[in-house]
$ cat work.txt   # compact mmCIF, C-alpha atoms
# COMPACT_ATOMS: atom_id res chain seq x y z
CA MET A 1 -34.72 16.11 -1.12
CA ASP A 2 -36.55 19.08 0.39
CA ARG A 3 -37.01 21.68 -2.32
CA ASN A 4 -38.05 24.36 0.16
CA PRO A 5 -35.41 27.10 0.06
CA ILE A 6 -36.03 28.14 3.68
CA VAL A 7 -33.34 26.36 5.69
CA HIS A 8 -31.27 26.99 8.80
CA GLU A 9 -33.19 29.97 10.09
CA LYS A 10 -31.62 30.72 13.50
CA ALA A 11 -33.99 30.17 16.42
CA ILE A 12 -34.16 30.45 20.21
CA LEU A 13 -36.48 28.17 22.20
CA VAL A 14 -38.45 29.38 25.23
CA GLY A 15 -39.82 27.07 27.92
CA VAL A 16 -41.86 28.30 30.88
CA ILE A 17 -41.62 26.49 34.23
CA GLN A 18 -44.96 26.79 36.00
CA SER A 19 -46.02 25.54 39.42
CA GLY A 20 -45.57 21.78 39.81
CA MET A 21 -43.14 21.48 36.87
CA SER A 22 -39.45 20.63 37.08
CA GLU A 23 -36.68 22.18 34.99
CA GLU A 24 -35.78 18.66 33.81
CA LEU A 25 -39.30 18.13 32.42
CA ILE A 26 -39.25 21.49 30.60
CA HIS A 27 -35.90 20.60 28.99
CA GLU A 28 -37.38 17.27 27.80
CA HIS A 29 -40.22 19.24 26.25
CA LEU A 30 -37.74 21.67 24.68
CA ASP A 31 -35.82 18.70 23.23
CA GLU A 32 -39.00 17.82 21.34
CA LEU A 33 -39.53 21.46 20.33
CA GLU A 34 -35.97 21.45 18.96
CA LEU A 35 -36.81 18.40 16.83
CA LEU A 36 -39.90 20.22 15.56
CA ALA A 37 -37.81 23.33 14.80
CA GLU A 38 -35.22 21.27 12.89
CA THR A 39 -38.01 19.53 10.95
CA ALA A 40 -39.28 22.99 9.94
CA GLY A 41 -35.78 23.97 8.74
CA ALA A 42 -34.48 26.00 11.71
CA GLU A 43 -31.10 25.93 13.43
CA VAL A 44 -31.56 26.17 17.20
CA VAL A 45 -28.80 28.34 18.69
CA GLY A 46 -30.09 28.62 22.26
CA ARG A 47 -32.85 27.90 24.75
CA ILE A 48 -34.20 29.92 27.64
CA THR A 49 -36.29 28.71 30.57
CA GLN A 50 -38.23 31.08 32.79
CA ARG A 51 -39.94 30.22 36.07
CA VAL A 52 -43.25 32.06 36.46
CA SER A 53 -45.85 32.04 39.24
CA LYS A 54 -48.54 33.18 36.81
CA ILE A 55 -48.73 33.75 33.06
CA ASN A 56 -48.37 37.36 31.95
CA ALA A 57 -51.40 38.34 29.85
CA ALA A 58 -49.36 40.66 27.59
CA THR A 59 -46.13 38.72 26.94
CA PHE A 60 -46.57 35.32 28.64
CA ILE A 61 -43.22 35.70 30.49
CA GLY A 62 -43.34 39.33 31.73
CA LYS A 63 -42.32 42.59 30.03
CA GLY A 64 -38.75 42.72 31.41
CA LYS A 65 -37.95 39.15 30.38
CA ALA A 66 -39.58 39.71 26.96
CA ASP A 67 -37.35 42.78 26.30
CA GLU A 68 -34.30 40.79 27.40
CA LEU A 69 -35.28 37.89 25.11
CA LEU A 70 -35.69 40.13 22.05
CA SER A 71 -32.36 41.92 22.74
CA GLN A 72 -30.58 38.57 23.04
CA ALA A 73 -32.15 37.38 19.79
CA GLU A 74 -30.98 40.49 17.92
CA GLU A 75 -27.44 40.15 19.32
CA LEU A 76 -27.24 36.53 18.13
CA GLY A 77 -28.71 37.32 14.71
CA VAL A 78 -31.75 35.19 15.54
CA LYS A 79 -34.83 35.79 13.39
CA LEU A 80 -37.16 33.38 15.16
CA ILE A 81 -38.26 32.86 18.79
CA LEU A 82 -40.24 29.69 19.47
CA PHE A 83 -42.40 29.26 22.57
CA ASP A 84 -43.22 25.70 23.68
CA ASP A 85 -46.64 26.89 24.84
CA GLU A 86 -49.55 28.32 22.89
CA LEU A 87 -49.54 32.13 22.91
CA SER A 88 -52.75 34.12 22.68
CA PRO A 89 -53.34 36.23 19.55
CA GLY A 90 -52.79 39.34 21.72
CA GLN A 91 -49.43 38.10 23.02
CA ILE A 92 -48.15 37.40 19.49
CA LYS A 93 -49.33 40.84 18.32
CA ASN A 94 -47.54 42.46 21.28
CA TYR A 95 -44.25 40.78 20.38
CA HIS A 96 -44.59 41.95 16.78
CA LYS A 97 -45.11 45.50 18.04
CA MET A 98 -41.99 45.21 20.23
CA SER A 99 -39.73 44.05 17.39
CA GLU A 100 -40.04 44.05 13.61
CA LYS A 101 -36.77 42.16 13.22
CA VAL A 102 -37.71 39.01 15.16
CA LYS A 103 -40.64 36.69 14.52
CA VAL A 104 -42.33 35.08 17.52
CA LEU A 105 -44.13 31.81 16.95
CA ASP A 106 -45.73 29.36 19.36
CA ARG A 107 -45.72 25.57 19.28
CA SER A 108 -49.08 25.38 17.47
CA GLY A 109 -47.86 27.74 14.73
CA LEU A 110 -44.70 25.68 14.31
CA ILE A 111 -46.60 22.37 14.04
CA LEU A 112 -48.96 23.92 11.49
CA ASP A 113 -45.95 25.12 9.52
CA ILE A 114 -44.53 21.57 9.42
CA PHE A 115 -47.89 20.19 8.35
CA LYS A 116 -48.03 22.76 5.53
CA LYS A 117 -44.58 21.66 4.42
CA HIS A 118 -45.43 17.94 4.45
CA ALA A 119 -48.98 17.97 3.06
CA LYS A 120 -48.82 16.24 -0.33
CA THR A 121 -52.32 15.07 -1.29
CA LYS A 122 -55.32 17.29 -1.93
CA GLU A 123 -57.02 16.01 1.24
CA ALA A 124 -54.02 16.70 3.49
CA ARG A 125 -53.48 20.15 1.96
CA THR A 126 -57.17 21.03 2.44
CA GLN A 127 -57.09 19.87 6.08
CA VAL A 128 -53.89 21.76 6.88
CA ASP A 129 -55.00 24.93 5.07
CA LEU A 130 -58.22 24.97 7.09
CA ALA A 131 -56.38 24.58 10.40
CA TYR A 132 -53.81 27.22 9.39
CA MET A 133 -56.48 29.74 8.36
CA GLU A 134 -58.38 29.22 11.61
CA TYR A 135 -55.15 29.71 13.54
CA LEU A 136 -54.22 32.84 11.56
CA LEU A 137 -57.62 34.57 11.61
CA PRO A 138 -57.47 35.95 15.19
CA ARG A 139 -53.74 36.71 14.84
CA LEU A 140 -53.95 38.69 11.61
CA THR A 141 -52.61 42.25 11.73
CA ARG A 142 -51.06 44.64 9.22
CA GLN A 143 -47.86 43.96 11.10
CA TRP A 144 -48.20 40.22 10.48
CA THR A 145 -48.57 40.58 6.72
CA HIS A 146 -45.78 43.16 6.72
CA LEU A 147 -43.56 40.70 8.59
CA GLU A 148 -44.46 37.92 6.17
CA ARG A 149 -43.41 40.05 3.22
CA GLN A 150 -40.27 41.33 4.92
CA MET A 151 -39.04 38.19 6.58
CA GLY A 152 -40.48 35.06 4.96
CA GLY A 153 -39.32 31.81 6.51
CA ILE A 154 -40.85 29.55 9.13
CA GLY A 155 -44.40 30.40 10.10
CA THR A 156 -45.00 32.19 6.80
CA ARG A 157 -44.49 29.32 4.39
CA ALA A 158 -46.26 29.36 1.00
CA GLY A 159 -47.38 32.59 2.39
CA MET A 160 -50.66 34.21 2.13
CA GLY A 161 -48.57 37.29 2.92
CA GLU A 162 -46.24 36.61 0.00
CA THR A 163 -48.96 36.18 -2.60
CA GLN A 164 -51.48 38.70 -1.38
CA ILE A 165 -50.26 41.12 1.27
CA GLU A 166 -53.60 42.87 1.78
CA ILE A 167 -55.45 39.79 3.00
CA ASP A 168 -58.16 40.72 5.45
CA ARG A 169 -60.41 38.75 7.75
CA ARG A 170 -63.26 38.71 5.24
CA LEU A 171 -61.12 36.89 2.66
CA ILE A 172 -59.86 34.40 5.24
CA ARG A 173 -63.42 33.67 6.44
CA LYS A 174 -64.46 33.11 2.82
CA ARG A 175 -61.54 30.71 2.34
CA ILE A 176 -62.40 28.86 5.59
CA SER A 177 -65.99 28.40 4.37
CA LYS A 178 -64.77 27.04 1.01
CA LEU A 179 -62.28 24.65 2.68
CA LYS A 180 -64.98 23.31 5.02
CA LYS A 181 -67.21 22.53 2.02
CA GLU A 182 -64.31 20.81 0.26
CA LEU A 183 -63.56 18.73 3.38
CA SER A 184 -67.22 17.77 3.69
CA ARG A 185 -67.12 16.46 0.10
CA ILE A 186 -63.90 14.51 0.80
CA GLU A 187 -65.48 13.04 3.94
CA LYS A 188 -68.46 11.76 1.93
CA GLU A 189 -66.05 10.05 -0.49
CA ARG A 190 -64.26 8.47 2.46
CA ASP A 191 -67.58 7.23 3.88
CA ILE A 192 -68.34 5.50 0.56
CA GLN A 193 -64.90 3.82 0.55
CA SER A 194 -65.38 2.87 4.19
CA TYR A 195 -68.80 1.31 3.44
CA ARG A 196 -67.26 -0.82 0.69
CA ARG A 197 -64.66 -2.12 3.19
CA ARG A 198 -67.15 -2.82 5.98
CA THR A 199 -66.83 -6.63 5.75
CA GLU A 200 -63.09 -6.66 6.50
CA PHE A 201 -61.41 -6.81 9.90
CA ARG A 202 -59.74 -3.41 10.26
CA VAL A 203 -56.58 -2.68 12.23
CA SER A 204 -55.33 0.87 12.71
CA LEU A 205 -51.78 1.87 13.63
CA VAL A 206 -51.53 4.85 15.97
CA GLY A 207 -48.55 6.24 17.83
CA TYR A 208 -46.49 9.19 18.84
CA THR A 209 -44.86 10.82 15.84
CA ASN A 210 -41.58 9.13 14.86
CA ALA A 211 -42.37 5.91 16.80
CA GLY A 212 -41.84 3.88 13.59
CA LYS A 213 -45.42 3.38 12.34
CA SER A 214 -44.53 3.59 8.64
CA THR A 215 -41.61 1.17 9.15
CA LEU A 216 -43.91 -1.33 10.88
CA PHE A 217 -46.57 -0.83 8.19
CA LYS A 218 -44.01 -1.68 5.51
CA ALA A 219 -42.65 -4.66 7.50
CA LEU A 220 -46.15 -6.17 7.88
CA THR A 221 -47.64 -5.46 4.44
CA GLY A 222 -44.54 -5.26 2.24
CA THR A 223 -45.93 -1.98 0.89
CA ASP A 224 -43.39 0.64 -0.09
CA VAL A 225 -44.34 3.70 1.97
CA TYR A 226 -42.48 6.96 2.58
CA ILE A 227 -40.23 6.59 5.63
CA GLN A 228 -38.04 9.29 7.10
CA ASN A 229 -36.56 9.81 10.56
CA GLN A 230 -38.45 13.07 10.97
CA LEU A 231 -41.51 14.29 12.84
CA PHE A 232 -44.71 14.09 10.77
CA ALA A 233 -42.99 12.65 7.69
CA THR A 234 -46.39 11.34 6.54
CA LEU A 235 -49.79 13.00 6.95
CA ASP A 236 -52.00 10.86 4.76
CA THR A 237 -53.69 7.69 5.94
CA THR A 238 -52.48 4.68 3.96
CA VAL A 239 -54.73 1.58 3.90
CA ARG A 240 -53.48 -1.78 2.59
CA GLN A 241 -54.69 -5.38 2.52
CA TRP A 242 -52.63 -7.67 4.75
CA GLU A 243 -53.10 -11.45 4.67
CA ILE A 244 -52.10 -12.89 8.04
CA ASP A 245 -53.18 -16.26 6.66
CA GLU A 246 -55.73 -17.53 4.10
CA SER A 247 -58.76 -17.12 6.35
CA HIS A 248 -57.65 -13.92 8.10
CA PRO A 249 -57.42 -10.99 5.69
CA ILE A 250 -56.95 -7.62 7.37
CA LEU A 251 -57.14 -4.02 6.28
CA LEU A 252 -54.24 -2.21 7.96
CA SER A 253 -54.17 1.59 8.12
CA ASP A 254 -51.31 3.93 9.05
CA THR A 255 -52.39 7.36 10.30
CA VAL A 256 -50.79 10.72 11.14
CA GLY A 257 -48.59 10.66 14.25
CA PHE A 258 -49.77 12.20 17.52
CA ILE A 259 -47.75 14.73 19.52
CA ARG A 260 -48.01 16.60 22.81
CA LYS A 261 -50.12 19.79 22.59
CA LEU A 262 -51.37 19.02 19.07
CA PRO A 263 -53.36 22.10 18.01
CA HIS A 264 -57.09 21.46 18.52
CA ASN A 265 -58.10 22.95 15.17
CA LEU A 266 -55.64 20.56 13.51
CA VAL A 267 -57.23 17.54 15.23
CA ALA A 268 -60.65 18.86 14.13
CA SER A 269 -59.64 19.39 10.50
CA PHE A 270 -58.01 15.93 10.34
CA LYS A 271 -61.27 14.33 11.50
CA SER A 272 -61.85 12.55 8.17
CA THR A 273 -58.30 11.13 8.18
CA LEU A 274 -58.55 10.02 11.80
CA LYS A 275 -61.97 8.43 11.16
CA GLU A 276 -60.02 5.40 9.98
CA VAL A 277 -59.06 4.89 13.64
CA LEU A 278 -62.67 5.27 14.85
CA GLU A 279 -63.86 2.56 12.46
CA ALA A 280 -61.13 0.07 13.39
CA ASP A 281 -61.88 -3.29 15.04
CA LEU A 282 -58.44 -3.16 16.68
CA ILE A 283 -55.89 -0.41 17.37
CA LEU A 284 -52.13 -1.04 17.54
CA VAL A 285 -50.68 1.62 19.85
CA LEU A 286 -47.04 1.97 18.84
CA LEU A 287 -44.48 3.34 21.32
CA ASP A 288 -40.74 3.93 21.05
CA ILE A 289 -39.36 1.71 23.86
CA SER A 290 -36.03 3.59 23.76
CA SER A 291 -37.62 7.00 24.47
CA THR A 292 -37.13 8.50 27.94
CA GLN A 293 -40.56 10.13 27.55
CA ILE A 294 -42.52 6.95 26.88
CA GLU A 295 -44.99 7.61 29.75
CA ASP A 296 -45.60 11.15 28.48
CA HIS A 297 -46.17 9.69 25.00
CA ILE A 298 -48.76 7.10 26.08
CA GLN A 299 -50.60 9.79 28.04
CA THR A 300 -50.76 12.00 24.92
CA ILE A 301 -51.97 9.10 22.75
CA ASN A 302 -54.68 8.16 25.27
CA GLU A 303 -55.82 11.79 25.49
CA VAL A 304 -56.10 12.13 21.68
CA LEU A 305 -57.91 8.77 21.39
CA LYS A 306 -60.33 9.87 24.11
CA GLU A 307 -60.88 13.24 22.40
CA MET A 308 -61.67 11.35 19.18
CA GLY A 309 -64.00 8.92 20.95
CA ALA A 310 -61.79 5.91 20.10
CA ASN A 311 -60.75 4.98 23.66
CA GLU A 312 -63.21 2.03 23.90
CA ILE A 313 -61.84 0.19 20.84
CA PRO A 314 -59.76 -2.95 21.70
CA ALA A 315 -56.02 -2.19 21.55
CA ILE A 316 -52.62 -3.87 21.67
CA THR A 317 -49.64 -1.85 22.93
CA VAL A 318 -46.55 -2.43 20.75
CA LEU A 319 -43.11 -1.43 22.07
CA ASN A 320 -40.97 -0.74 18.99
CA LYS A 321 -37.24 -0.01 18.45
CA VAL A 322 -36.04 -2.64 20.96
CA ASP A 323 -32.90 -2.94 18.80
CA LEU A 324 -31.85 0.50 20.10
CA ILE A 325 -31.57 -0.77 23.72
CA SER A 326 -28.66 -2.93 24.87
CA ASP A 327 -29.63 -2.90 28.57
CA ALA A 328 -31.83 -5.95 29.32
CA ASN A 329 -32.96 -4.46 32.66
CA MET A 330 -34.31 -1.39 30.88
CA ILE A 331 -36.29 -3.59 28.46
CA GLU A 332 -37.77 -5.56 31.41
CA GLN A 333 -38.63 -2.33 33.20
CA ARG A 334 -40.54 -1.02 30.14
CA GLN A 335 -42.32 -4.37 29.72
CA ARG A 336 -43.43 -4.23 33.37
CA LEU A 337 -44.74 -0.71 32.72
CA PHE A 338 -46.86 -2.12 29.84
CA PRO A 339 -47.57 -5.71 31.00
CA GLU A 340 -49.81 -6.75 28.07
CA SER A 341 -47.53 -5.28 25.39
CA VAL A 342 -45.60 -6.91 22.53
CA THR A 343 -41.93 -5.91 22.15
CA ILE A 344 -40.62 -5.70 18.57
CA SER A 345 -38.19 -4.07 16.17
CA ALA A 346 -39.97 -3.14 12.94
CA GLN A 347 -36.65 -2.07 11.43
CA GLN A 348 -34.96 -5.43 12.13
CA HIS A 349 -38.18 -7.50 11.70
CA LEU A 350 -37.74 -8.85 15.25
CA ARG A 351 -40.66 -10.67 16.96
CA LEU A 352 -43.19 -9.68 14.30
CA SER A 353 -44.57 -13.27 14.42
CA GLU A 354 -45.55 -12.69 18.07
CA LEU A 355 -47.41 -9.53 17.03
CA ARG A 356 -49.21 -11.48 14.28
CA SER A 357 -50.26 -14.14 16.82
CA ARG A 358 -51.63 -11.50 19.19
CA ILE A 359 -53.63 -9.89 16.37
CA LEU A 360 -55.00 -13.32 15.36
CA ARG A 361 -56.11 -13.95 18.97
CA LYS A 362 -57.92 -10.59 18.99
CA MET A 363 -59.56 -11.46 15.66
CA GLU A 364 -60.71 -14.83 17.03
CA GLU A 365 -62.30 -13.06 20.02
CA ASN A 366 -64.14 -10.90 17.51
CA PHE A 367 -65.29 -13.81 15.34
CA GLN A 368 -68.63 -15.59 15.47
CA THR A 369 -69.97 -18.78 13.89
CA VAL A 370 -73.63 -19.11 12.84
CA ASP A 371 -75.87 -21.61 11.01
CA LEU A 372 -78.20 -20.26 8.33
CA GLU A 373 -80.84 -21.84 6.11
CA PHE A 374 -82.19 -20.40 2.84
CA SER A 375 -84.79 -21.51 0.32
CA TYR A 376 -83.51 -21.89 -3.26
CA ASP A 377 -85.43 -18.83 -4.47
CA GLN A 378 -83.22 -16.60 -2.23
CA GLY A 379 -80.26 -16.76 -4.63
CA LYS A 380 -79.13 -13.17 -4.14
CA THR A 381 -79.30 -13.42 -0.32
CA ILE A 382 -77.37 -16.73 -0.38
CA ALA A 383 -74.60 -15.09 -2.42
CA GLN A 384 -74.45 -12.03 -0.11
CA ALA A 385 -74.34 -14.22 3.02
CA GLN A 386 -71.08 -15.77 1.77
CA GLU A 387 -69.31 -12.44 1.16
CA GLY A 388 -66.62 -11.36 3.63
CA VAL A 389 -66.92 -14.54 5.74
CA GLU A 390 -65.45 -18.03 5.84
CA VAL A 391 -67.93 -20.73 4.74
CA LEU A 392 -67.24 -23.69 7.03
CA ASN A 393 -69.96 -25.96 5.62
CA ARG A 394 -72.50 -25.94 2.78
CA GLU A 395 -75.32 -28.51 2.56
CA TYR A 396 -77.85 -28.76 -0.27
CA GLU A 397 -81.14 -30.17 1.00
CA GLU A 398 -84.23 -30.93 -1.06
CA THR A 399 -85.85 -27.50 -0.52
CA SER A 400 -83.10 -25.41 1.04
CA VAL A 401 -79.40 -24.60 1.37
CA LYS A 402 -77.76 -24.78 4.81
CA LEU A 403 -74.66 -22.69 5.50
CA LYS A 404 -72.30 -22.62 8.46
CA ILE A 405 -70.39 -19.33 8.25
CA ARG A 406 -67.75 -17.66 10.39
CA GLY A 407 -66.77 -14.00 10.38
CA SER A 408 -66.34 -10.80 12.35
CA ARG A 409 -69.21 -9.92 14.69
CA SER A 410 -69.97 -6.77 12.69
CA ARG A 411 -70.22 -8.73 9.40
CA ILE A 412 -72.33 -11.53 10.95
CA SER A 413 -74.68 -8.87 12.40
CA GLN A 414 -75.07 -7.33 8.90
CA ILE A 415 -75.87 -10.75 7.38
CA LEU A 416 -78.40 -11.61 10.11
CA ALA A 417 -80.08 -8.22 9.67
CA SER A 418 -80.45 -8.78 5.90
CA VAL A 419 -81.91 -12.26 6.46
CA ASP A 420 -84.62 -11.11 8.90

$ encode --input "work.txt" --output "C-alpha cells"
Amino acid sequence: MDRNPIVHEKAILVGVIQSGMSEELIHEHLDELELLAETAGAEVVGRITQRVSKINAATFIGKGKADELLSQAEELGVKLILFDDELSPGQIKNYHKMSEKVKVLDRSGLILDIFKKHAKTKEARTQVDLAYMEYLLPRLTRQWTHLERQMGGIGTRAGMGETQIEIDRRLIRKRISKLKKELSRIEKERDIQSYRRRTEFRVSLVGYTNAGKSTLFKALTGTDVYIQNQLFATLDTTVRQWEIDESHPILLSDTVGFIRKLPHNLVASFKSTLKEVLEADLILVLLDISSTQIEDHIQTINEVLKEMGANEIPAITVLNKVDLISDANMIEQRQRLFPESVTISAQQHLRLSELRSRILRKMEENFQTVDLEFSYDQGKTIAQAQEGVEVLNREYEETSVKLKIRGSRSRISQILASVD
C-alpha cells in the first residue's frame, strides 16, 4: 500500500508534434506519459497536442497557446501540466510567472519524482537525491519554493520546499557535493563485492520498464522479489545465485528499467547500479512482445546500453508476455523482427527451458579448457587454481600435480596470470 498522501492530482498532458513526427506517434508517447503520471499519483483529465515548426524559447509551444493551456487548466481545476519533452529552466520559470495556481513539470521532473517515491535503500535514495538536486539547481526560484509550500504534490515530493523554504543554490551545491562523496563510497563497496564475485558467470537482465524483468527473475531463481504492474516498481539491483545445473552456476542480476528520454543526470547518478550490466558476461534484453511500441523500446534500450558502454557485451533478446497475445500471426511477425530471440511467458513459466538452453550455449562459447602442472610446494596456487572452475581431471605424479580445468575465459585468464 502506498502511504504517500498525494493521490489523484488532476493533470493535463502536452505533446508537441515537430517536423517528421506523426500525431499517432505523439499519442503513443503520451500514453506512456499517462502511465508515468498515474504511477506518480495523478489523474489525467485531458491531453493536448500542438504542431510547431520550431520550439519557442520562452514557452516551448508559443505564448498564445501557453495562455490558452493555463486558462483551460484553471477551468478544469487542474493543478498540474505535464510536458512530454524536457523544458529548459527558463521555460519552467516563465510558466510559474504566468500562473501561481498551476504547476508545470516536464517528463524528466516527473520521472525523478517517481524515482524519489520508489527509492527504498540508502544507495537508491542517494542516487535519486543527487539527480533531483542537479535537476532542481538551475530551476530554483523564489517562486518555485513558494509553489512547493503552497501546492505540494507531484514534483515537490518529500519537499526541500516543505522542510526548508529558503533553500538557496549554495545549500543545494553543498548537498550535491556531499551526495557525490557518499556515492563514491558506495561505489567502492560495490567494487569490492564485484571483485569477490569475479569467478562466476554473470548474467544481467535489462529491459524497458514494466517488461516483466522482476517476474522473470523470480521465475528463474525462485527468489521472492517485489513485483508490481507499475513503471519503475524496483530501483535497486538484485543479484542472486542461479544453478542452471551442477556445473553451471550463474549470478543473475535484475536492474532498473529503461525508458524513453531517461534524464541524463539520472543515468549518471545510477552509474554504480548499472555497473552490474557492464560487468556481465551475458545480457538478457527483455521486451514486452505484446507492446505496440516494441521497436521504440529496443531502440531506447540499445541507446542506453551504448551510452553506458555495454553495447559490445553478448546478448540474448527475450520476448516476454507471449501469453497476452492470441494472434499467432502477430507472434510470428514479432519473431521475424527479432530472428535470434527466445519467446517466453515469465508469468506462466512458458518456454523457460528454451531460455536456459540458450544461456547454457552462450556459457559454453565462453568456456575454456586448459591443462596445468604444479610442483607439490605450490599448495596455495594449486588450491586457487581449482576455485570457480570445474576440475575435469586430477593426476598425482611423483613430483607434480596435473590438473585439467574448465571455466569461463575471464576466470581461466586470471588463473593463468597467477601461474606465470

$ residues_around --input "work.txt" --residues "stretch 308-317 of chain A" --least-positions-apart "5" --cutoff "8 Å" --atoms "only C-alpha atoms" --output "compact mmCIF listing (two decimals) with C-alpha atoms, in the frame of the given file"
# COMPACT_ATOMS: atom_id res chain seq x y z
CA VAL A 277 -59.06 4.89 13.64
CA LEU A 278 -62.67 5.27 14.85
CA ALA A 280 -61.13 0.07 13.39
CA ASP A 281 -61.88 -3.29 15.04
CA LEU A 282 -58.44 -3.16 16.68
CA ILE A 283 -55.89 -0.41 17.37
CA LEU A 284 -52.13 -1.04 17.54
CA VAL A 285 -50.68 1.62 19.85
CA LEU A 286 -47.04 1.97 18.84
CA LEU A 287 -44.48 3.34 21.32
CA ASN A 302 -54.68 8.16 25.27
CA PHE A 338 -46.86 -2.12 29.84
CA GLU A 340 -49.81 -6.75 28.07
CA SER A 341 -47.53 -5.28 25.39
CA VAL A 342 -45.60 -6.91 22.53

$ closest_residue --input "work.txt" --among "A:Lys261, A:Leu266, A:Leu33, A:Ala57" --to "A:Thr126" --atoms "all atoms listed in the file"
A:Leu266

$ atom_distance --input "work.txt" --atom1 "atom CA of A:Ser291" --atom2 "atom CA of A:Arg51"
26.1 Å

$ closest_residue --input "work.txt" --among "A:Ala73, A:Glu38, A:Gln91, A:His248" --to "A:Asp113" --atoms "all atoms listed in the file"
A:Glu38

$ closest_residue --input "work.txt" --among "A:Val391, A:Ala131, A:Ile250, A:Ala328" --to "A:Leu360" --atoms "all atoms listed in the file"
A:Ile250

$ closest_residue --input "work.txt" --among "A:Leu183, A:Leu112, A:Ile26, A:Leu262" --to "A:Gln293" --atoms "all atoms listed in the file"
A:Ile26

$ closest_residue --input "work.txt" --among "A:Gly77, A:Pro249, A:Gly407, A:Gly207" --to "A:Ile12" --atoms "all atoms listed in the file"
A:Gly77

$ residues_near_point --input "work.txt" --point "(-67.4, -25.3, 8.8)" --cutoff "9 Å" --atoms "all atoms listed in the file" --output "NGL selection string"
:A and (369 or 390-394 or 403-406)

$ closest_residue --input "work.txt" --among "A:Lys181, A:His27, A:Val16, A:Leu251" --to "A:Val203" --atoms "only C-alpha atoms"
A:Leu251
